[in-house]
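Student: Input: one structure, supplied below.
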Amino acid sequence: MDTLQTSLDGLMIGSTYALIGIGFALVFGIMRRINLAFGACLLFGAALAIYLEPWLGWGVWGLFLVTMVGAALASAYVERLCFAPHTKRTQSMTAMIASFAIWMQLDEISSQMLPQRTHAYHGLEMPTFWLGEISVRGDQLLHFCMALVSIMLLYVLLYKTHLGLLIRATADNPETAYLLGVRVPWLGFIIFLVAGILGGVGAFMILSADGYVTPMFGMWSTFKGLLAMILGGLGSLPGAVIGGLILGVVETHAGATLGAEYRDMVTFGLVFLVLIIRPGGLMGVKIYRTESLAQERI
Amino acid sequence: MHGICKSFGGIEVLSDISLTLQPGERIGITGANGVGKSTLINIATGFLTPDHGWIQLNDLMLTNCPAWEFAREGIRRTFQSSRFLQTATLEEQLFQAGHTPEYRNRLADLLHDSSLQSSLHLFPDEISLPVLRKAEVVRGLAAQPEILFLDEPSAGLTADELHQFGTFLNQKLGGQTALVVVEHRLDFMVMITDTVMEMKLNQELQVRAD
Amino acid sequence: MDPYLASVLTNMTLIAFLAISAYLVLVVGEVSFGQQAFFGIGAYLTASVTVLADGHVIWALLTAVVGGAAGTLVLGLLTIRLSGLYFAISTLCFAELLRFSLLHIRFTQIIDGRKLGPDGPEGFSNIRWIFDNHYDVTDFLLLSATCLTVLLLLLFGLARSRLMLRARMVGNDPILAQSQGLNPTRYRLGFIALSGAVAGFGGGLFALFNTHIEPAMFGVMLGVHALTYSIIGGLGSPIGPLIGVVLDIGLLESIRQLAAYRMIVFGGLVALFLVFRPEGIISHRLVARLKRQWGSRHV
């Protein structure tokens with residue numbers, strides 16, 4: 001029973017990792033870039049929400065909205081400054097380096113808005129459900145549903161809309177798509193916006209479940225998202241979801257059996273192993289191969 | 001090389017290609033676009049590994065070796081886009097490959113050409129393409145290679161420049177170095193090679209009668 | 001000298017070691033987010049040798065150098081097939097793994113009635129070398145500045161050599177490098193190991209200066225900062241990273257009004273730099289042009 005409980009808890013938290021992981025996977029899968037400022041964008045959204053709370057006073061849903069919008073705005077800012085100017089294939093590292101400079105910047109801005117170590121981030125007051133001996137927190141269940149809805153909406157966007165088709169075509173083969181006249185001029189901008197929105201939802205889920213936010217949230221969520229994406233396979237969206245869930249479950253089990261200190265170590269160790277043994281992760285092998293071959297083209 | 005086959009994603013680009021070179025032999029390889037000339041050069045210089053077949057240099061089997069070993073053993077090449085480090089002068093780059101007095105002398109001899117001399121202190125993006133192509137050849141020859149492969153050297157050159165380049169090549173090539181030119185300008189190839197072979201899709205190399 | 005100023009300058013020299021470490025990896029065309037871990041290893045090794053083994057400081061620093069190089073070599077060998085973004089992330093994971101390991105190392109001994117040694121998250125306190133040897137802040141500044149100068153001189157020598165040009169070729173265009181008979185892996189591993197040695201040494205000095213070290217000090221942010229200094233300062237010369245350090249810690253820190261918003265300004269500055277001058281302040285072209293002018297004036 002304990003295993004089941006732990007696994008269930010792991011799935012709950014894993015769903016938030018999945019959303020953040022999708023944020024990274026969207027950018028890598030479609031643009032072959034890693035946005036290291038992503039976690040900081042989420043922190044910015046949360047910090048903005050807390051900062052504006054006295055004025056807006058909308059309660060929990062206000063926090064949700066502002067977090068999401070703030071994260072999306074920050075994400076768009078990062079895209080314009082760090083990614084839009086470096087679009088050539090050879091400039092993926094430059095873009096990444098610019099993004100971690102902005103990571104530092106957004107972290108600092110958020111710290112200015114959160115002068116104390118910890119700030120309360122209100123969650124929903126909800127009952128806890130019991131199924132036999134298994135307990136599920138009401139708010140976490142709601143969050144899980146929110147994550148599910150978000151992922152379904154993303155699916156609809158990508159697979160049922162014309163824009164989504166263009167996005168997928170560009171992701172699959174940028175050069176050919178361009179030659180075929182697929183022009184999504186604001187593609188990068190849109191991708192980052194979507195990633196920011198999804199990440200914002202994820203951030204809200206974690207922070208309201210925990211009940212507080214600290215300035216460390218930026219780095220923490222960057223790690224979690226990256227790790228989720230790598231486990232599932234860099235660039236693969238379903239991979240990011242699966243990676244996030246696996247990460248959540250493995251992490252929670254490691255924490256339960258080995259103790260909280262070893263939990264993070266297990267996570268990093270797992271990801272490192274994945275990188276050196278099977279860099280494509282679970283589902284990103286094709287992308288890894290294309291990337292490697294592209295570098296060797298003469 | 002013998003029996004070389006190479007496929008990419010299910011499409012067989014090279015099928016059973018064989019080629020033998022004698023020391024100092026000069027051949028040209030021509031063919032339509034897409035017939036596999038680049039693949040052939042890449043395999044012959046170690047940048048790609050064939051699916052089947054082997055590559056042998058004198059007594060050495062090189063088939064699965066990395067490209068740098070090919071270069072070490074004396075197989076040198078030029079690139080279609082004349083690869084140079086953009087942030088170092090021509091002089092620095094040419095002289096980095098060796099430090100022995102013999103190397104320096106060889107290089108000095110090879111550089112005995114006014115256009116190259118005057119460009120030595122410039123960066124590659126300040127140098128005109130014909131001069132860069134010559135520099136690439138000098139770079140390759142300074143290593144005293146067994147075989148030098150030229151990858152579409154005529155690209156971007158006018159007829160005059162090409163002719164000049166051909167003269168330059170004939171001047172600088174030593175007797176021992178074999179030359180393989182992958183090209184589609186026949187006049188140029190005839191100028192610098194003894195035999196011209198033609199590549200067709202999925203066929204062996206055949207000598208052109210003309 | 002004013003102790004505060006000396007302290008700031010010393011910190012700059014110590015961070016410079018880390019920035020140079022990042023630079024050495026950038027030379028061979030890779031980005032490492034993990035150099036801070038080797039800085040930390042150097043710190044712990046030096047502390048252990050001077051405190052637990054009562055060793056001479058030379059041995060302590062030598063151990064740090066070897067330890068740093070060994071650590072990076074392990075990383076380099078494990079990630080031998082990785083490059084670009086994949087490699088960068090793996091360095092981040094590796095560094096955090098090392099840091100977590102440090103969190104769990106407890107090896108304390110009672111010496112002279114005091115509990116000494118690495119104590120997990122509490123860190124390693126009472127690294128009393130500077131007190132026992134009567135070094136005040138200014139003395140230590142002299143020591144670390146001298147070491148840094150020696151390193152820079154060595155690197156300047158290296159920078160003018162063929163070895164460096166070949167390494168740059170490997171970093172810039174591996175295909176070109178291979179066509180010249182250069183084995184990219186060998187250069188990669190060599191420079192990565194060198195970067196670890198430099199980071200380890202800097203960490204050793206850091207431990208001696210700080211007298212107290214703990215794993216939290218060697219987190220990702222430290223490495224990210226060092227990397228940024230290298231990039232803004234420019235890769236054209238080993239002095240580039242130092243320029244980056246001076247720019248951030250020196251300039252921005254000293255402007256009181258900016259001090260609180262230092263990272264906001266610096267972060268934005270880096271991003272803008274990468275848009276307009278991605279090579280950094282001291283770019284290769286600048287250096288080569290200066291050399292050219294210098295050469296022609298002496299003809």
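Residue numbering restarts at 1 for every chain of the structure tokens, chains are lettered A, B, ... in their displayed order, and ligands are numbered from 1 as they appear.
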Please, which residues in chain C fall within 8 Å of chain A when counting only C-alpha atoms, and what is the closest atom pair and distance in Å to one decimal for each, ordered by chain then residue number, as a tab-separated table?

Tutor:
residue	atom	partner	partner_atom	distance
C:Val31	CA	A:Met93	CA	8.0
C:Leu78	CA	A:Ile276	CA	6.5
C:Thr79	CA	A:Ile276	CA	5.9
C:Arg81	CA	A:Ile276	CA	7.7
C:Leu82	CA	A:Ile276	CA	7.5
C:Gly84	CA	A:Met93	CA	7.0
C:Leu85	CA	A:Met93	CA	7.0
C:Tyr86	CA	A:Leu275	CA	7.2
C:Ser90	CA	A:Phe272	CA	5.9
C:Cys93	CA	A:Phe268	CA	5.5
C:Phe94	CA	A:Phe272	CA	6.8
C:Glu96	CA	A:Phe268	CA	7.2
C:Leu97	CA	A:Met265	CA	6.0
C:Phe100	CA	A:Met265	CA	6.2
C:Ile175	CA	A:Glu296	CA	7.3
C:Val224	CA	A:Phe100	CA	7.5
C:Thr228	CA	A:Ala101	CA	7.2
C:Tyr261	CA	A:Glu108	CA	7.3
C:Met263	CA	A:Gln105	CA	5.4
C:Ile264	CA	A:Gln105	CA	4.3
C:Val265	CA	A:Gln105	CA	7.3
C:Phe266	CA	A:Gln105	CA	7.5
C:Gly267	CA	A:Ala101	CA	4.5
C:Gly268	CA	A:Ile102	CA	6.3
C:Val270	CA	A:Ala101	CA	6.1
C:Ala271	CA	A:Ala98	CA	4.6
C:Leu272	CA	A:Leu81	CA	7.6
C:Leu274	CA	A:Ala98	CA	6.6
C:Val275	CA	A:Pro85	CA	6.3
C:Pro278	CA	A:Thr94	CA	7.6

Student: Take the selection from the previous step and output its residues with C-alpha atoms, as a compact mmCIF listing (two decimals), in the first residue's frame.

Tutor:
# COMPACT_ATOMS: atom_id res chain seq x y z
CA VAL C 31 30.36 24.82 -22.86
CA LEU C 78 32.21 9.60 -19.67
CA THR C 79 30.87 12.22 -22.03
CA ARG C 81 30.46 10.97 -27.36
CA LEU C 82 28.52 14.04 -26.35
CA GLY C 84 26.96 20.84 -27.75
CA LEU C 85 23.79 21.10 -25.73
CA TYR C 86 23.91 17.49 -24.60
CA SER C 90 25.71 16.55 -18.69
CA CYS C 93 24.34 17.03 -13.84
CA PHE C 94 27.85 15.84 -13.08
CA GLU C 96 25.51 18.66 -9.02
CA LEU C 97 26.24 15.00 -8.41
CA PHE C 100 25.69 16.19 -3.48
CA ILE C 175 35.96 18.68 -39.71
CA VAL C 224 27.35 30.15 -14.60
CA THR C 228 29.63 34.55 -18.37
CA TYR C 261 20.85 45.46 -9.37
CA MET C 263 22.92 40.92 -11.96
CA ILE C 264 20.06 42.64 -13.70
CA VAL C 265 22.46 44.93 -15.49
CA PHE C 266 25.15 42.34 -16.09
CA GLY C 267 22.76 39.68 -17.31
CA GLY C 268 21.20 42.06 -19.79
CA VAL C 270 25.75 39.71 -21.65
CA ALA C 271 22.67 39.00 -23.72
CA LEU C 272 23.12 42.23 -25.65
CA LEU C 274 25.97 38.19 -27.66
CA VAL C 275 23.69 39.88 -30.14
CA PRO C 278 29.32 37.51 -29.73

Student: Compile a residue-level contact table for chain B against chain C at a cut-off of 7 Å, reporting for every qualifying residue the shortest atom pair and its distance in Å to one decimal, with only C-alpha atoms counted, rows ordered by chain and ascending number, as CSV.

Tutor:
residue,atom,partner,partner_atom,distance
B:Ala67,CA,C:Gln178,CA,5.8
B:Trp68,CA,C:Gly181,CA,4.3
B:Glu69,CA,C:Gly181,CA,6.3
B:Ala71,CA,C:Gly181,CA,4.7
B:Arg72,CA,C:Gly181,CA,4.8
B:Arg76,CA,C:Ser179,CA,6.6
B:Arg77,CA,C:Ser179,CA,7.0
B:Arg83,CA,C:Leu176,CA,6.3
B:Leu85,CA,C:Met169,CA,6.5
B:Thr87,CA,C:Arg285,CA,5.5
B:Ala88,CA,C:Ala288,CA,6.8
B:Gln96,CA,C:Arg162,CA,5.3

Student: Give me the residues of chain B that have any atom at most 9 Å from an atom of chain A; for each, the nearest atom pair and the distance in Å, rounded to one decimal. Use only C-alpha atoms, sort by chain and number, and format it as JSON lines.

Tutor:
{"residue": "B:Ser38", "atom": "CA", "partner": "A:Ile298", "partner_atom": "CA", "distance": 8.8}
{"residue": "B:Asn42", "atom": "CA", "partner": "A:Ile298", "partner_atom": "CA", "distance": 8.3}
{"residue": "B:Phe47", "atom": "CA", "partner": "A:Glu296", "partner_atom": "CA", "distance": 8.3}
{"residue": "B:Phe79", "atom": "CA", "partner": "A:Ile298", "partner_atom": "CA", "distance": 8.1}
{"residue": "B:Gln80", "atom": "CA", "partner": "A:Ile298", "partner_atom": "CA", "distance": 8.6}

Student: Hey, what's within 12 Å of A:Pro127 if we count only C-alpha atoms and toss same-chain stuff fewer than 6 positions away? As a list of chain:residue names, please?

Tutor: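 Near A:Pro127, the qualifying residues are A:Ser135, A:Val136, A:Arg137, A:Gly138, A:Asp139, A:Gln140, A:Leu141, A:Leu142.
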
Student: If you count only C-alpha atoms, which residues fall within 6 Å of A:Tyr212, apart from same-chain ones fewer than 6 positions away, as a PyMOL selection string?

Tutor: chain A and resi 119-121

Student: Please identify the strand (DSSP E or B) residues within stretch 47-289 of chain A (assignment by DSSP from backbone atoms) and present them as number ranges by chain.

Tutor: A: 119-120, 128-131, 134-137, 212-213

Student: Of the candidates B:Gly53, B:Ile27, B:Pro145, B:Cys5, which one gets nearest to B:Thr39 if we count only C-alpha atoms?

Tutor: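 Under the stated criterion, the closest residue is B:Cys5.
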